[in-house]
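Shown next: final11.json, given as JSON, C-alpha atoms and all ligand atoms.
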[["chain", "number", "residue", "atom", "x", "y", "z"],
["A", 8, "MET", "CA", 0.00, 0.00, 0.00],
["A", 9, "LYS", "CA", 1.23, 3.46, -0.89],
["A", 10, "ILE", "CA", 0.15, 6.58, 1.01],
["A", 11, "ILE", "CA", 0.21, 9.89, -0.85],
["A", 12, "MET", "CA", -0.19, 13.07, 1.17],
["A", 13, "ALA", "CA", -1.63, 16.13, -0.57],
["A", 14, "ASP", "CA", 0.95, 18.94, -0.87],
["A", 15, "ASN", "CA", -1.31, 21.51, 0.74],
["A", 16, "ALA", "CA", -3.31, 20.18, 3.66],
["A", 17, "GLY", "CA", -4.09, 21.02, 7.28],
["A", 18, "PHE", "CA", -3.97, 24.35, 9.14],
["A", 19, "CYS", "CA", -4.20, 27.36, 6.86],
["A", 20, "PHE", "CA", -2.54, 30.69, 7.61],
["A", 21, "GLY", "CA", -5.66, 32.17, 9.28],
["A", 22, "VAL", "CA", -6.31, 29.20, 11.55],
["A", 23, "LYS", "CA", -2.64, 28.88, 12.49],
["A", 24, "ARG", "CA", -2.54, 32.58, 13.32],
["A", 25, "ALA", "CA", -5.69, 32.26, 15.47],
["A", 26, "MET", "CA", -4.27, 29.22, 17.27],
["A", 27, "ASP", "CA", -0.98, 31.02, 17.97],
["A", 28, "ILE", "CA", -2.79, 34.06, 19.39],
["A", 29, "VAL", "CA", -5.06, 31.88, 21.53],
["A", 30, "ASN", "CA", -2.22, 29.72, 22.84],
["A", 31, "ASN", "CA", -0.37, 32.87, 23.81],
["A", 32, "GLU", "CA", -3.49, 34.13, 25.65],
["A", 33, "ILE", "CA", -3.87, 30.78, 27.40],
["A", 34, "ASN", "CA", -0.22, 30.81, 28.51],
["A", 35, "ASN", "CA", -0.71, 34.26, 30.02],
["A", 36, "ILE", "CA", -4.23, 33.67, 31.28],
["A", 37, "ASP", "CA", -5.34, 36.17, 33.87],
["A", 38, "GLY", "CA", -9.08, 36.13, 34.51],
["A", 39, "LYS", "CA", -11.80, 34.73, 32.31],
["A", 40, "LEU", "CA", -11.10, 33.79, 28.72],
["A", 41, "TYR", "CA", -13.89, 33.09, 26.27],
["A", 42, "SER", "CA", -14.21, 32.35, 22.59],
["A", 43, "TYR", "CA", -17.33, 33.53, 20.84],
["A", 44, "GLY", "CA", -18.43, 30.22, 19.38],
["A", 45, "PRO", "CA", -16.03, 27.28, 18.99],
["A", 46, "LEU", "CA", -12.65, 28.66, 17.87],
["A", 47, "ILE", "CA", -12.45, 26.42, 14.81],
["A", 48, "HIS", "CA", -14.60, 23.67, 13.32],
["A", 49, "ASN", "CA", -12.61, 20.91, 14.88],
["A", 50, "PRO", "CA", -14.10, 19.33, 18.02],
["A", 51, "GLN", "CA", -10.79, 17.73, 19.11],
["A", 52, "VAL", "CA", -8.99, 21.10, 19.13],
["A", 53, "VAL", "CA", -11.93, 22.84, 20.81],
["A", 54, "ASP", "CA", -12.01, 20.20, 23.58],
["A", 55, "SER", "CA", -8.28, 20.50, 24.21],
["A", 56, "LEU", "CA", -8.51, 24.33, 24.41],
["A", 57, "GLU", "CA", -11.43, 24.08, 26.80],
["A", 58, "GLN", "CA", -9.33, 21.91, 29.11],
["A", 59, "LYS", "CA", -6.69, 24.64, 29.10],
["A", 60, "GLY", "CA", -9.22, 27.28, 30.19],
["A", 61, "LEU", "CA", -10.81, 28.65, 27.00],
["A", 62, "LYS", "CA", -14.57, 28.52, 27.31],
["A", 63, "ALA", "CA", -16.66, 28.72, 24.14],
["A", 64, "ILE", "CA", -19.85, 30.72, 24.61],
["A", 65, "LYS", "CA", -22.83, 31.25, 22.31],
["A", 66, "ASP", "CA", -24.59, 34.08, 24.10],
["A", 67, "LEU", "CA", -22.84, 37.37, 24.89],
["A", 68, "SER", "CA", -25.52, 38.37, 27.40],
["A", 69, "LYS", "CA", -24.29, 35.60, 29.69],
["A", 70, "ILE", "CA", -20.97, 37.35, 30.37],
["A", 71, "ASN", "CA", -19.94, 40.79, 31.60],
["A", 72, "GLU", "CA", -16.19, 40.61, 32.14],
["A", 73, "GLY", "CA", -13.03, 38.99, 30.81],
["A", 74, "LYS", "CA", -11.40, 38.56, 27.43],
["A", 75, "ILE", "CA", -13.29, 37.38, 24.39],
["A", 76, "ILE", "CA", -11.73, 35.82, 21.33],
["A", 77, "ILE", "CA", -13.24, 36.52, 17.92],
["A", 78, "ARG", "CA", -12.56, 33.43, 15.86],
["A", 79, "SER", "CA", -11.00, 33.31, 12.40],
["A", 80, "HIS", "CA", -14.40, 33.27, 10.62],
["A", 81, "GLY", "CA", -15.09, 36.77, 11.94],
["A", 82, "ILE", "CA", -18.35, 38.16, 13.32],
["A", 83, "PRO", "CA", -20.95, 40.79, 12.30],
["A", 84, "LYS", "CA", -20.27, 44.40, 13.24],
["A", 85, "TYR", "CA", -23.26, 44.58, 15.61],
["A", 86, "GLU", "CA", -21.82, 41.71, 17.65],
["A", 87, "GLU", "CA", -18.44, 43.40, 17.89],
["A", 88, "ASP", "CA", -20.26, 46.58, 19.00],
["A", 89, "LYS", "CA", -22.07, 44.56, 21.66],
["A", 90, "MET", "CA", -18.73, 43.29, 23.00],
["A", 91, "ILE", "CA", -17.50, 46.89, 23.20],
["A", 92, "ASP", "CA", -20.68, 47.93, 25.03],
["A", 93, "LEU", "CA", -20.15, 45.10, 27.51],
["A", 94, "LYS", "CA", -16.59, 46.43, 28.03],
["A", 95, "LEU", "CA", -15.12, 43.04, 27.20],
["A", 96, "SER", "CA", -11.49, 42.96, 26.20],
["A", 97, "ILE", "CA", -11.53, 41.83, 22.55],
["A", 98, "VAL", "CA", -8.87, 39.57, 21.04],
["A", 99, "ASP", "CA", -9.65, 39.66, 17.34],
["A", 100, "CYS", "CA", -8.52, 36.50, 15.54],
["A", 101, "THR", "CA", -10.54, 37.21, 12.41],
["A", 102, "CYS", "CA", -8.43, 36.00, 9.50],
["A", 103, "PRO", "CA", -7.01, 39.06, 7.69],
["A", 104, "TYR", "CA", -8.44, 37.73, 4.41],
["A", 105, "VAL", "CA", -11.94, 37.64, 5.93],
["A", 106, "LYS", "CA", -11.40, 41.07, 7.49],
["A", 107, "ALA", "CA", -10.55, 42.40, 4.03],
["A", 108, "VAL", "CA", -13.95, 41.17, 2.79],
["A", 109, "HIS", "CA", -15.68, 42.94, 5.73],
["A", 110, "LYS", "CA", -13.96, 46.19, 4.75],
["A", 111, "ARG", "CA", -14.81, 45.74, 1.09],
["A", 112, "VAL", "CA", -18.55, 45.16, 1.61],
["A", 113, "GLU", "CA", -18.75, 48.03, 4.10],
["A", 114, "ASN", "CA", -16.98, 50.33, 1.67],
["A", 115, "TYR", "CA", -19.16, 49.35, -1.31],
["A", 116, "MET", "CA", -22.34, 49.55, 0.77],
["A", 117, "ASN", "CA", -21.36, 53.13, 1.69],
["A", 118, "LYS", "CA", -20.89, 53.86, -2.03],
["A", 119, "GLY", "CA", -24.51, 52.80, -2.68],
["A", 120, "TYR", "CA", -23.86, 49.32, -4.05],
["A", 121, "ASN", "CA", -26.01, 46.28, -3.39],
["A", 122, "ILE", "CA", -23.90, 43.50, -1.96],
["A", 123, "VAL", "CA", -24.09, 39.90, -3.15],
["A", 124, "ILE", "CA", -22.29, 37.17, -1.22],
["A", 125, "ILE", "CA", -21.81, 33.85, -2.99],
["A", 126, "GLY", "CA", -21.79, 31.25, -0.24],
["A", 127, "ASN", "CA", -23.72, 29.39, 2.39],
["A", 128, "SER", "CA", -26.13, 31.71, 4.21],
["A", 129, "LYS", "CA", -25.88, 29.68, 7.41],
["A", 130, "HIS", "CA", -22.09, 29.67, 7.60],
["A", 131, "PRO", "CA", -20.67, 31.93, 10.35],
["A", 132, "GLU", "CA", -18.27, 33.58, 7.91],
["A", 133, "VAL", "CA", -21.13, 34.61, 5.59],
["A", 134, "ILE", "CA", -23.25, 35.76, 8.55],
["A", 135, "GLY", "CA", -20.24, 37.79, 9.68],
["A", 136, "ILE", "CA", -19.67, 39.40, 6.25],
["A", 137, "ASN", "CA", -23.37, 40.24, 5.97],
["A", 138, "GLY", "CA", -23.10, 41.95, 9.35],
["A", 139, "TRP", "CA", -20.66, 44.49, 7.85],
["A", 140, "CYS", "CA", -23.20, 45.66, 5.29],
["A", 141, "ASN", "CA", -26.16, 46.12, 7.65],
["A", 142, "ASN", "CA", -27.39, 42.56, 7.04],
["A", 143, "LYS", "CA", -28.67, 43.67, 3.66],
["A", 144, "ALA", "CA", -26.54, 41.44, 1.45],
["A", 145, "LEU", "CA", -28.25, 39.13, -1.02],
["A", 146, "ILE", "CA", -26.83, 35.70, -0.41],
["A", 147, "VAL", "CA", -26.57, 33.40, -3.40],
["A", 148, "GLU", "CA", -26.01, 29.75, -2.62],
["A", 149, "ASN", "CA", -26.43, 28.26, -6.08],
["A", 150, "ILE", "CA", -27.10, 29.10, -9.69],
["A", 151, "LYS", "CA", -30.89, 28.79, -9.15],
["A", 152, "SER", "CA", -30.96, 31.54, -6.57],
["A", 153, "VAL", "CA", -29.44, 33.96, -9.11],
["A", 154, "GLU", "CA", -32.78, 33.90, -10.97],
["A", 155, "GLN", "CA", -34.48, 35.29, -7.87],
["A", 156, "LEU", "CA", -32.21, 38.33, -7.70],
["A", 157, "PRO", "CA", -33.89, 41.62, -8.65],
["A", 158, "PHE", "CA", -32.39, 43.77, -11.38],
["A", 159, "MET", "CA", -30.05, 46.21, -9.61],
["A", 160, "ASP", "CA", -28.34, 49.44, -10.43],
["A", 161, "LYS", "CA", -24.94, 48.70, -8.89],
["A", 162, "VAL", "CA", -23.78, 45.47, -7.35],
["A", 163, "CYS", "CA", -20.63, 44.33, -5.58],
["A", 164, "VAL", "CA", -20.07, 40.57, -5.59],
["A", 165, "VAL", "CA", -17.85, 38.77, -3.06],
["A", 166, "ALA", "CA", -17.44, 35.12, -2.13],
["A", 167, "GLN", "CA", -17.27, 33.07, 1.03],
["A", 168, "THR", "CA", -13.53, 32.36, 1.19],
["A", 169, "THR", "CA", -13.96, 28.59, 1.03],
["A", 170, "ILE", "CA", -16.19, 28.05, -2.02],
["A", 171, "THR", "CA", -14.86, 26.44, -5.17],
["A", 172, "LYS", "CA", -13.59, 28.62, -8.02],
["A", 173, "GLU", "CA", -15.86, 26.72, -10.39],
["A", 174, "LYS", "CA", -18.94, 27.73, -8.35],
["A", 175, "PHE", "CA", -17.75, 31.33, -8.06],
["A", 176, "ASP", "CA", -17.10, 31.64, -11.81],
["A", 177, "THR", "CA", -20.43, 30.12, -12.86],
["A", 178, "ILE", "CA", -22.53, 32.17, -10.45],
["A", 179, "SER", "CA", -20.72, 35.48, -10.90],
["A", 180, "LYS", "CA", -21.04, 35.15, -14.69],
["A", 181, "GLU", "CA", -24.85, 34.90, -14.31],
["A", 182, "ILE", "CA", -24.96, 37.85, -11.89],
["A", 183, "LYS", "CA", -23.43, 40.09, -14.58],
["A", 184, "ALA", "CA", -26.84, 40.15, -16.28],
["A", 185, "LYS", "CA", -28.54, 41.34, -13.11],
["A", 186, "ALA", "CA", -27.18, 44.88, -12.77],
["A", 187, "SER", "CA", -25.98, 47.86, -14.80],
["A", 188, "ILE", "CA", -22.69, 48.11, -12.91],
["A", 189, "VAL", "CA", -21.17, 44.92, -11.54],
["A", 190, "GLU", "CA", -17.96, 44.79, -9.50],
["A", 191, "ILE", "CA", -16.84, 41.22, -8.98],
["A", 192, "PHE", "CA", -14.22, 40.36, -6.37],
["A", 193, "ASN", "CA", -12.90, 36.85, -6.19],
["A", 194, "THR", "CA", -12.38, 36.65, -2.44],
["A", 195, "ILE", "CA", -11.75, 32.90, -2.39],
["A", 196, "CYS", "CA", -8.74, 32.37, -0.21],
["A", 197, "LYS", "CA", -5.52, 31.12, -1.80],
["A", 198, "ALA", "CA", -5.16, 28.50, 0.92],
["A", 199, "THR", "CA", -8.55, 27.09, -0.02],
["A", 200, "LYS", "CA", -7.70, 27.01, -3.71],
["A", 201, "GLU", "CA", -4.35, 25.32, -3.05],
["A", 202, "ARG", "CA", -5.95, 22.71, -0.79],
["A", 203, "GLN", "CA", -8.69, 22.00, -3.32],
["A", 204, "GLU", "CA", -6.23, 21.67, -6.22],
["A", 205, "SER", "CA", -3.92, 19.41, -4.20],
["A", 206, "ALA", "CA", -6.88, 17.24, -3.16],
["A", 207, "ALA", "CA", -7.94, 16.87, -6.82],
["A", 208, "THR", "CA", -4.38, 16.00, -7.91],
["A", 209, "VAL", "CA", -4.06, 13.27, -5.28],
["A", 210, "ALA", "CA", -7.63, 11.96, -5.74],
["A", 211, "LYS", "CA", -6.97, 11.42, -9.46],
["A", 212, "ILE", "CA", -4.14, 8.98, -8.76],
["A", 213, "SER", "CA", -5.55, 7.26, -5.65],
["A", 214, "ASP", "CA", -7.75, 4.18, -5.26],
["A", 215, "ALA", "CA", -9.12, 5.64, -2.02],
["A", 216, "MET", "CA", -9.07, 9.09, -0.45],
["A", 217, "VAL", "CA", -9.07, 9.84, 3.25],
["A", 218, "VAL", "CA", -10.20, 13.39, 4.03],
["A", 219, "ILE", "CA", -9.47, 14.42, 7.61],
["A", 220, "GLY", "CA", -11.40, 17.25, 9.21],
["A", 221, "GLY", "CA", -14.42, 18.31, 11.25],
["A", 222, "TYR", "CA", -17.77, 16.98, 10.04],
["A", 223, "LYS", "CA", -19.12, 20.53, 10.19],
["A", 224, "SER", "CA", -16.07, 22.15, 8.62],
["A", 225, "SER", "CA", -17.14, 23.80, 5.39],
["A", 226, "ASN", "CA", -13.70, 23.69, 3.75],
["A", 227, "THR", "CA", -13.27, 20.01, 4.68],
["A", 228, "LEU", "CA", -16.66, 19.20, 3.15],
["A", 229, "LYS", "CA", -15.51, 20.88, -0.05],
["A", 230, "LEU", "CA", -12.42, 18.67, -0.10],
["A", 231, "VAL", "CA", -14.71, 15.64, 0.27],
["A", 232, "GLU", "CA", -16.84, 16.87, -2.64],
["A", 233, "ILE", "CA", -13.79, 17.41, -4.86],
["A", 234, "SER", "CA", -12.27, 14.05, -3.90],
["A", 235, "LYS", "CA", -15.51, 12.28, -4.81],
["A", 236, "LYS", "CA", -15.35, 13.81, -8.24],
["A", 237, "TYR", "CA", -12.09, 12.03, -9.03],
["A", 238, "CYS", "CA", -12.08, 9.01, -6.74],
["A", 239, "LYS", "CA", -14.78, 6.38, -6.07],
["A", 240, "ASN", "CA", -13.78, 5.55, -2.52],
["A", 241, "VAL", "CA", -13.75, 8.58, -0.22],
["A", 242, "PHE", "CA", -13.63, 8.40, 3.58],
["A", 243, "HIS", "CA", -14.32, 11.57, 5.57],
["A", 244, "ILE", "CA", -13.02, 11.20, 9.12],
["A", 245, "GLU", "CA", -12.43, 13.50, 12.09],
["A", 246, "THR", "CA", -9.76, 11.28, 13.60],
["A", 247, "ILE", "CA", -8.22, 7.90, 12.79],
["A", 248, "LYS", "CA", -10.80, 6.28, 15.09],
["A", 249, "ASP", "CA", -13.48, 6.94, 12.46],
["A", 250, "LEU", "CA", -11.63, 5.11, 9.68],
["A", 251, "PRO", "CA", -12.64, 1.52, 8.79],
["A", 252, "LEU", "CA", -8.98, 0.50, 8.64],
["A", 253, "GLN", "CA", -9.38, -3.02, 7.27],
["A", 254, "GLU", "CA", -11.55, -1.73, 4.44],
["A", 255, "VAL", "CA", -9.14, 1.07, 3.54],
["A", 256, "LEU", "CA", -6.02, -1.06, 3.66],
["A", 257, "LYS", "CA", -7.38, -3.18, 0.80],
["A", 258, "PHE", "CA", -6.61, -0.35, -1.59],
["A", 259, "ASN", "CA", -3.21, -0.04, -3.26],
["A", 260, "THR", "CA", -2.91, 3.72, -3.27],
["A", 261, "ILE", "CA", -4.41, 5.86, -0.54],
["A", 262, "GLY", "CA", -4.50, 9.63, -0.86],
["A", 263, "ILE", "CA", -4.73, 11.83, 2.21],
["A", 264, "THR", "CA", -5.83, 15.40, 2.58],
["A", 265, "ALA", "CA", -7.04, 17.51, 5.51],
["A", 266, "GLY", "CA", -9.14, 20.60, 6.04],
["A", 267, "ALA", "CA", -7.75, 23.99, 7.01],
["A", 268, "SER", "CA", -8.78, 23.49, 10.63],
["A", 269, "THR", "CA", -7.21, 20.04, 11.07],
["A", 270, "PRO", "CA", -4.14, 20.12, 13.33],
["A", 271, "ASP", "CA", -0.91, 18.34, 12.38],
["A", 272, "TRP", "CA", -1.13, 15.88, 15.26],
["A", 273, "ILE", "CA", -4.43, 14.43, 13.99],
["A", 274, "ILE", "CA", -3.00, 14.05, 10.46],
["A", 275, "LYS", "CA", 0.21, 12.50, 11.78],
["A", 276, "GLU", "CA", -1.69, 10.06, 13.98],
["A", 277, "ALA", "CA", -3.79, 8.92, 10.99],
["A", 278, "ILE", "CA", -0.77, 8.40, 8.71],
["A", 279, "GLU", "CA", 1.25, 6.59, 11.38],
["A", 280, "THR", "CA", -1.64, 4.26, 12.25],
["A", 281, "MET", "CA", -2.18, 3.32, 8.61],
["A", 282, "ASP", "CA", 1.54, 2.92, 8.06],
["A", 283, "ASN", "CA", 1.99, 0.69, 11.11],
["A", 284, "LEU", "CA", -0.96, -1.49, 10.24],
["A", 285, "ASN", "CA", 0.24, -1.81, 6.68],
["A", 286, "ASN", "CA", 3.74, -2.80, 7.81],
["A", 287, "ASN", "CA", 2.29, -5.37, 10.23],
["A", 288, "GLU", "CA", 0.15, -6.85, 7.47],
["A", 289, "MET", "CA", 3.17, -7.01, 5.19],
["A", 290, "MET", "CA", 5.16, -8.73, 7.92],
["A", 291, "GLU", "CA", 2.33, -11.23, 8.45],
["A", 292, "ALA", "CA", 2.14, -11.88, 4.70],
["A", 293, "ILE", "CA", 5.92, -12.43, 4.54],
["A", 294, "GLU", "CA", 5.84, -14.70, 7.60],
["A", 295, "SER", "CA", 2.95, -16.76, 6.22],
["A", 296, "SER", "CA", 4.75, -17.15, 2.86],
["A", 297, "PHE", "CA", 7.80, -18.50, 4.78],
["A", 298, "THR", "CA", 5.52, -20.91, 6.65],
["A", 299, "GLN", "CA", 4.14, -22.21, 3.34],
["A", 300, "ILE", "CA", 7.68, -22.89, 2.04],
["A", 401, "LIG", "FE1", -8.18, 32.68, 6.28],
["A", 401, "LIG", "FE2", -8.18, 31.34, 4.11],
["A", 401, "LIG", "FE3", -7.83, 30.13, 6.33],
["A", 401, "LIG", "S1", -9.55, 32.96, 4.62],
["A", 401, "LIG", "S2", -8.99, 31.29, 7.78],
["A", 401, "LIG", "S3", -6.43, 31.62, 5.43],
["A", 401, "LIG", "S4", -8.99, 29.35, 4.61]]
In structure tokens, how does this file's structure come out?
Amino acid sequence: MKIIMADNAGFCFGVKRAMDIVNNEINNIDGKLYSYGPLIHNPQVVDSLEQKGLKAIKDLSKINEGKIIIRSHGIPKYEEDKMIDLKLSIVDCTCPYVKAVHKRVENYMNKGYNIVIIGNSKHPEVIGINGWCNNKALIVENIKSVEQLPFMDKVCVVAQTTITKEKFDTISKEIKAKASIVEIFNTICKATKERQESAATVAKISDAMVVIGGYKSSNTLKLVEISKKYCKNVFHIETIKDLPLQEVLKFNTIGITAGASTPDWIIKEAIETMDNLNNNEMMEAIESSFTQI
């Protein structure tokens, strides 16, 4: 069995940056430390941070002191304002690429543009972006929802950072017919693009693909979708415990990729477990062939 690791996989720049900031806060903890929502879409990481003193909260009205971490997905402006009103000390871990989208939609809204976000309306990043243009953005999830857009005078189009380029290109092309002036900004993050391209490259030459990452992680789900396009046997796991090892080890070539919020130790553990099992099986096969002689 051969294991091929995708060139670009695991923590992206924004998640790594957020983790570094948070670990630094944890090491110097002095008082209460909260994250507004789980820091990243990876339950194993969130659990380990909680054990170190970082408490994820959903409702700001439940707290009135301490430090609050804004996660890499970012939050709407009105929520940030609420934190300021509550006099919480804010540690902003919004990924700079996401922050740039906040600034862009705010700027174009002020210039009288309608804002269209191509992405998943329920994803925290999209909810956050919408919150920087007074929650008035039109959110387009698929090509069908473009038909429902009204004809507009001026429109500014941005994307959730983790959607596929294919989806962005198809939808933004259709939106061009929906306004007199259309400004299109491809705000898909480079890290996402690189991870998606690497996943496709590996999936094309693998008999099975193992995609490691949170079951709710949007960028991991995209990697699963892309892998399925090129490979018949795709296994989405959060940790090695979720992988049906005996089934996977039947394949000759196994490709591995991981979402942007999957830490190195989870990837390493998965590869080492597969490697060890494979070596043991090889040893058993060699031993049994000696026995037959
Ligand atoms: Fe930022 Fe891109 Fe990661 S937007 S959080 S570097 S996927």
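Among A:Ile178, A:Met90, A:Ile11, A:Val22, the residue with the shortest atom-to-atom distance to ligand LIG 401 (chain A), counting only C-alpha atoms and all ligand atoms, is A:Val22.
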Inset, instruction - Point out the residue among A:Asp271, A:Glu173, A:Asp54, A:Asp37 with the least atom-to-atom distance to A:Glu204, counting all atoms listed in the file. - result: A:Glu173
Inset, instruction - Kindly work out which residues sit at most 8 Å from ligand LIG 401 (chain A), using only C-alpha atoms and all ligand atoms, and give the list as a PyMOL selection string. - result: chain A and resi 18-22+79-80+101-105+168-169+195-199+226+267-268
Legend entry - 8 Å contact set for A:Leu67, only C-alpha atoms, chain neighbours under 3 positions out, as a list in words: Tyr43, Ile64, Ile70, Lys89 and Met90 of chain A
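Atom CA of A:Val29 is found 19.8 Å from atom CA of A:Glu86.
The gap separating atom CA of A:Asn137 from atom CA of A:Gly119 is 15.3 Å, in Å to one decimal.
Atom CA of A:Lys275 sits 17.0 Å away from atom CA of A:Thr227.
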Inset, instruction - For the point (-13.3, 24.0, 16.6) in the file's frame, write as a ChimeraX atom specification all residues with an atom no more than 12 Å away, counting all atoms listed in the file. - result: /A:18,22,25-26,42-57,61-63,78-80,220-225,245,266-270
Inset, instruction - Do a neighbour search on A:Lys257 at 10 Å with all atoms listed in the file, toss out local chain neighbours closer than 2 positions, and write the hits as a PyMOL selection string. - result: chain A and resi 8+214-215+252-255+259-261+285
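Within 10 Å of the point (-6.2, 8.7, 10.1) in file coordinates, and counting all atoms listed in the file, lie the residues Val217, Val218, Ile219, Phe242, His243, Ile244, Glu245, Thr246, Ile247, Lys248, Asp249, Leu250, Pro251, Leu252, Ile263, Ala265, Ile273, Ile274, Lys275, Glu276, Ala277, Ile278, Glu279, Thr280, Met281 and Asp282 of chain A.
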Store the residues picked out above in a file with C-alpha atoms, as a short mmCIF file (atom, residue, chain, number, x, y, z; two decimals), in the coordinates of the input.
data_model
loop_
_atom_site.label_atom_id
_atom_site.label_comp_id
_atom_site.auth_asym_id
_atom_site.auth_seq_id
_atom_site.Cartn_x
_atom_site.Cartn_y
_atom_site.Cartn_z
CA VAL A 217 -9.07 9.84 3.25
CA VAL A 218 -10.20 13.39 4.03
CA ILE A 219 -9.47 14.42 7.61
CA PHE A 242 -13.63 8.40 3.58
CA HIS A 243 -14.32 11.57 5.57
CA ILE A 244 -13.02 11.20 9.12
CA GLU A 245 -12.43 13.50 12.09
CA THR A 246 -9.76 11.28 13.60
CA ILE A 247 -8.22 7.90 12.79
CA LYS A 248 -10.80 6.28 15.09
CA ASP A 249 -13.48 6.94 12.46
CA LEU A 250 -11.63 5.11 9.68
CA PRO A 251 -12.64 1.52 8.79
CA LEU A 252 -8.98 0.50 8.64
CA ILE A 263 -4.73 11.83 2.21
CA ALA A 265 -7.04 17.51 5.51
CA ILE A 273 -4.43 14.43 13.99
CA ILE A 274 -3.00 14.05 10.46
CA LYS A 275 0.21 12.50 11.78
CA GLU A 276 -1.69 10.06 13.98
CA ALA A 277 -3.79 8.92 10.99
CA ILE A 278 -0.77 8.40 8.71
CA GLU A 279 1.25 6.59 11.38
CA THR A 280 -1.64 4.26 12.25
CA MET A 281 -2.18 3.32 8.61
CA ASP A 282 1.54 2.92 8.06
#
Inset, instruction - Name the residues in contact with A:Cys140 at a cut-off of 9 Å, using only C-alpha atoms, excluding same-chain residues fewer than 3 positions from it; report them as a list in words. - result: Pro83, Lys84, His109, Val112, Glu113, Asn114, Tyr115, Met116, Asn117, Ile122, Ile136, Asn137, Lys143 and Ala144 of chain A
Completion step: stretch 202-213 of chain A with N, CA and C atoms as a short mmCIF file (atom, residue, chain, number, x, y, z; two decimals), keeping the file's coordinate frame:
data_model
loop_
_atom_site.label_atom_id
_atom_site.label_comp_id
_atom_site.auth_asym_id
_atom_site.auth_seq_id
_atom_site.Cartn_x
_atom_site.Cartn_y
_atom_site.Cartn_z
N ARG A 202 -5.53 23.98 -1.39
CA ARG A 202 -5.95 22.71 -0.79
C ARG A 202 -6.87 21.93 -1.73
N GLN A 203 -7.75 22.67 -2.41
CA GLN A 203 -8.69 22.00 -3.32
C GLN A 203 -7.95 21.42 -4.52
N GLU A 204 -6.98 22.18 -5.06
CA GLU A 204 -6.23 21.67 -6.22
C GLU A 204 -5.38 20.46 -5.83
N SER A 205 -4.74 20.54 -4.66
CA SER A 205 -3.92 19.41 -4.20
C SER A 205 -4.78 18.18 -3.98
N ALA A 206 -5.98 18.38 -3.41
CA ALA A 206 -6.88 17.24 -3.16
C ALA A 206 -7.25 16.58 -4.49
N ALA A 207 -7.55 17.42 -5.50
CA ALA A 207 -7.94 16.87 -6.82
C ALA A 207 -6.77 16.10 -7.43
N THR A 208 -5.55 16.66 -7.34
CA THR A 208 -4.38 16.00 -7.91
C THR A 208 -4.18 14.62 -7.29
N VAL A 209 -4.29 14.55 -5.97
CA VAL A 209 -4.06 13.27 -5.28
C VAL A 209 -5.23 12.30 -5.55
N ALA A 210 -6.46 12.83 -5.54
CA ALA A 210 -7.63 11.96 -5.74
C ALA A 210 -7.57 11.26 -7.11
N LYS A 211 -7.04 11.98 -8.11
CA LYS A 211 -6.97 11.42 -9.46
C LYS A 211 -6.07 10.18 -9.55
N ILE A 212 -5.09 10.10 -8.66
CA ILE A 212 -4.14 8.98 -8.76
C ILE A 212 -4.28 8.01 -7.58
N SER A 213 -5.38 8.14 -6.81
CA SER A 213 -5.55 7.26 -5.65
C SER A 213 -6.74 6.32 -5.83
#
